[in-house]
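*Asks:* Pasting query_0.txt here (compact mmCIF, C-alpha atoms):
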```
# COMPACT_ATOMS: atom_id res chain seq x y z
CA ARG L 1 0.00 0.00 0.00
CA ALA L 2 2.83 2.39 0.81
CA ALA L 3 4.26 1.91 -2.67
CA ALA L 4 1.03 3.28 -4.16
CA LEU L 5 1.47 6.47 -2.15
CA LEU L 6 4.98 7.15 -3.44
CA ALA L 7 5.77 8.16 -6.97
CA PRO L 8 8.40 5.95 -8.64
CA GLY L 9 10.95 8.81 -8.53
CA SER L 10 10.20 9.82 -4.95
CA PRO L 11 13.22 10.30 -2.65
CA GLY L 12 11.52 7.98 -0.13
CA ARG L 13 11.23 5.10 -2.60
CA PRO L 14 14.70 3.60 -1.94
CA LEU L 15 14.00 3.33 1.80
CA LEU L 16 10.63 1.73 1.06
CA ASP L 17 12.33 -0.76 -1.28
CA PHE L 18 14.89 -1.55 1.41
CA ARG L 19 12.14 -2.21 3.93
CA ARG L 20 10.34 -4.37 1.39
CA GLY L 21 13.56 -6.37 1.08
CA LEU L 22 13.70 -6.84 4.84
CA VAL L 23 10.12 -8.11 4.89
CA ALA L 24 10.74 -10.44 1.94
CA GLU L 25 13.91 -11.85 3.52
CA HIS L 26 13.00 -12.12 7.18
CA ILE L 27 9.23 -12.61 7.12
CA GLY L 28 8.56 -14.01 3.67
CA GLY L 29 11.70 -16.15 3.53
CA SER L 30 12.28 -15.20 -0.10
CA ALA L 31 15.89 -14.41 -0.87
CA GLN L 32 15.03 -13.77 -4.53
CA ALA L 33 12.38 -11.12 -3.71
CA ALA L 34 14.65 -9.62 -1.07
CA ARG L 35 17.55 -9.35 -3.51
CA ALA L 36 15.36 -7.59 -6.08
CA ALA L 37 14.10 -5.10 -3.50
CA TYR L 38 17.60 -4.50 -2.08
CA ARG L 39 18.94 -3.87 -5.60
CA ARG L 40 16.20 -1.32 -6.30
CA ALA L 41 16.97 0.32 -2.97
CA HIS L 42 20.69 0.23 -3.75
CA GLU L 43 20.24 1.92 -7.12
CA GLY L 44 17.92 4.52 -5.61
CA ALA L 45 20.25 5.24 -2.69
CA ALA L 46 23.14 5.71 -5.11
CA GLY L 47 21.02 7.97 -7.29
CA TYR L 48 19.95 10.17 -4.39
CA GLY L 49 23.37 10.14 -2.72
CA ASP L 50 22.03 8.45 0.44
CA ALA L 51 25.30 6.98 1.67
CA LEU L 52 23.90 5.51 4.89
CA LEU L 53 21.17 3.61 3.05
CA LEU L 54 23.79 2.53 0.53
CA SER L 55 25.83 1.01 3.36
CA PHE L 56 22.78 -0.97 4.46
CA THR L 57 21.98 -2.21 0.96
CA TRP L 58 25.61 -3.27 0.44
CA ARG L 59 25.49 -5.19 3.72
CA HIS L 60 22.21 -6.97 3.01
CA LEU L 61 23.11 -7.87 -0.57
CA ALA L 62 26.42 -9.21 0.74
CA GLY L 63 24.60 -11.27 3.36
CA LEU L 64 22.49 -12.91 0.65
CA ALA L 65 25.64 -13.55 -1.40
CA LEU L 66 27.32 -15.19 1.59
CA GLN L 67 24.29 -17.45 2.15
CA GLU L 68 24.64 -18.58 -1.46
CA GLY L 69 28.35 -19.33 -1.05
CA GLU L 70 29.51 -16.33 -3.08
CA SER L 71 32.26 -15.34 -0.65
CA ALA L 72 34.10 -12.95 -3.01
CA GLU L 73 30.90 -11.01 -3.72
CA ALA L 74 30.04 -11.04 0.00
CA ARG L 75 33.52 -9.82 0.95
CA HIS L 76 33.23 -6.94 -1.54
CA GLY L 77 29.78 -5.90 -0.30
CA PHE L 78 30.69 -6.11 3.38
CA GLY L 79 33.89 -4.18 2.68
CA GLU L 80 31.97 -1.41 0.90
CA SER L 81 29.46 -1.22 3.74
CA LEU L 82 32.27 -0.94 6.27
CA ARG L 83 34.09 1.70 4.21
CA ILE L 84 30.98 3.88 3.95
CA ARG L 85 30.16 3.55 7.63
CA VAL L 86 33.68 4.53 8.65
CA GLU L 87 33.63 7.50 6.26
CA LEU L 88 30.30 8.64 7.70
CA GLY L 89 31.47 8.18 11.28
CA TYR L 90 28.56 5.79 11.84
CA LEU L 91 30.22 4.12 14.81
CA ILE L 92 27.22 2.11 15.96
CA GLY L 93 27.05 0.46 12.53
CA THR L 94 30.77 -0.17 12.25
CA ALA L 95 30.87 -3.11 14.68
CA PRO L 96 28.20 -5.10 12.79
CA ALA L 97 29.99 -4.36 9.51
CA LEU L 98 33.27 -5.65 10.94
CA ALA L 99 31.61 -8.79 12.29
CA SER L 100 29.92 -9.48 8.95
CA LEU L 101 33.14 -9.00 7.02
CA ALA L 102 34.84 -11.41 9.44
CA ASP L 103 32.33 -14.10 8.45
CA CYS L 104 33.79 -14.28 4.94
CA GLU L 105 37.48 -13.75 5.69
CA PRO L 106 40.00 -16.49 6.48
CA GLU L 107 41.92 -16.56 9.74
CA PRO L 108 43.85 -14.69 11.10
CA GLU L 109 42.10 -11.71 9.43
CA ALA L 110 38.68 -12.91 10.61
CA GLY L 111 39.89 -13.00 14.20
CA ARG L 112 41.35 -9.52 13.92
CA LEU L 113 38.08 -8.14 12.52
CA ARG L 114 36.03 -9.84 15.26
CA ALA L 115 38.36 -8.49 17.93
CA GLU L 116 37.94 -4.96 16.57
CA ALA L 117 34.16 -5.41 16.40
CA GLY L 118 34.22 -6.62 20.00
CA ARG L 119 36.27 -3.62 21.08
CA LEU L 120 33.77 -1.22 19.50
CA PHE L 121 30.85 -3.20 20.94
CA ARG L 122 32.28 -2.86 24.45
CA LEU L 123 33.18 0.80 23.85
CA LEU L 124 29.52 1.47 23.00
CA GLY L 125 28.32 -0.27 26.16
CA GLY L 126 27.09 -3.43 24.46
CA VAL L 127 25.26 -1.72 21.62
CA PRO L 128 23.97 -2.96 19.25
CA VAL L 129 22.62 -5.70 21.50
CA SER L 130 22.14 -8.06 18.55
CA LEU L 131 25.92 -8.51 18.35
CA ALA L 132 26.31 -9.89 21.88
CA ALA L 133 25.97 -13.54 20.89
CA ARG L 134 28.23 -13.16 17.83
CA LEU L 135 31.06 -11.41 19.66
CA THR L 136 31.04 -13.19 22.99
CA PRO L 137 33.46 -16.09 22.81
CA PRO L 138 31.94 -19.44 23.78
CA PRO L 139 32.92 -20.58 27.27
CA GLN L 140 36.00 -22.72 27.22
CA GLN L 141 35.60 -26.20 28.52
CA SER L 142 37.85 -26.83 31.43
CA THR L 143 40.05 -29.83 31.16
CA PRO L 144 40.62 -31.88 34.28
CA PRO L 145 44.09 -31.60 35.75
CA PRO L 146 46.45 -34.42 34.73
CA GLN L 147 46.51 -37.33 37.16
CA PRO L 148 49.85 -38.43 38.50
CA GLU L 149 51.08 -41.72 37.15
CA PRO L 150 51.12 -44.57 39.66
CA ALA L 151 54.50 -45.51 41.03
CA ALA L 152 55.93 -48.73 39.67
```
With the file now loaded, output its structure as structure tokens.
*Replies:*
Amino acid sequence: RAAALLAPGSPGRPLLDFRRGLVAEHIGGSAQAARAAYRRAHEGAAGYGDALLLSFTWRHLAGLALQEGESAEARHGFGESLRIRVELGYLIGTAPALASLADCEPEPEAGRLRAEAGRLFRLLGGVPVSLAARLTPPPQQSTPPPQPEPAA
């Protein structure tokens, strides 16, 4: 219904398309519909010079690419999202961008990116909360102390 209220060339159309992508991906479970909506949003954000929205579309398109095993495409998209967020000074969005980029990088680079994301996450007082589970290392299992060998 909202689409009918906005002219095709409206400055609000890219954000609407992005939101349609979110609904298609997370509620409808349709990666294909989500990708189409994210691409429309991406083109619109680029056309209107909306860098923040562009960082979000890069990130979500990269996430879909990663799900499909396209790690080079995902790495590029996550890298662009991170670059834009750093340029904008969008600190709260930098930690998620670092964590996402880490998901498609080999070690030791992935570990370095996660450590930096964790540092920013702690610096911001645990915000965004959605990163807590991704950045908190799993508890290490304790190993029992070695038992002395019996005397012969």
*Asks:* Nearest to L:Gly49 among L:Gly126, L:Pro14, L:Pro8, L:Gly89, with distances taken over only C-alpha atoms: which residue is it?
*Replies:*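 The closest residue to L:Gly49 is L:Pro14.
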*Asks:* If you count all atoms listed in the file, which residues fall within 9 Å of L:Leu64, apart from same-chain ones fewer than 6 positions away, as a ChimeraX atom specification?
*Replies:* /L:31,34-35,70,74
*Asks:* Kindly export the residues of the current selection with C-alpha atoms, as a compact mmCIF listing (two decimals), in the coordinates of the input.
*Replies:*
```
# COMPACT_ATOMS: atom_id res chain seq x y z
CA ALA L 31 15.89 -14.41 -0.87
CA ALA L 34 14.65 -9.62 -1.07
CA ARG L 35 17.55 -9.35 -3.51
CA GLU L 70 29.51 -16.33 -3.08
CA ALA L 74 30.04 -11.04 0.00
```
*Asks:* Tell me, in Å to one decimal, how far atom CA of L:Pro96 is from atom CA of L:Arg75.
*Replies:* 13.8 Å
*Asks:* Show which residues sit within 9 Å of L:Phe78, as a ChimeraX atom specification. Count only C-alpha atoms, and ignore same-chain residues fewer than 4 positions away.
*Replies:* /L:55,58-63,73-74,82-83,97-98,100-101,104
*Asks:* Measuring between all atoms listed in the file, which one of L:Gly111, L:Pro11, L:Gly118, L:Gly125 shows the shortest distance to L:Tyr48?
*Replies:* L:Pro11
*Asks:* Quick one: pull the distance between atom CA of L:Leu6 and atom CA of L:Glu80, Å, one decimal.
*Replies:*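 Atom CA of L:Glu80 lies at a distance of 28.6 Å from atom CA of L:Leu6.
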*Asks:* Might you pull out every residue within 10 Å of L:Glu116, with all atoms listed in the file counted and same-chain residues fewer than 5 positions away left off, and present them as a ChimeraX atom specification?
*Replies:* /L:94-95,98-99,110-111,121-122,135
*Asks:* Give me, as a list in words, all polymer residues having an atom no more than 8 Å from L:Asp17, counting all atoms listed in the file and skipping those fewer than 5 positions away in the same chain.
*Replies:*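 Counting only the stated atoms, we get Ala37, Tyr38, Arg40 and Ala41 of chain L.
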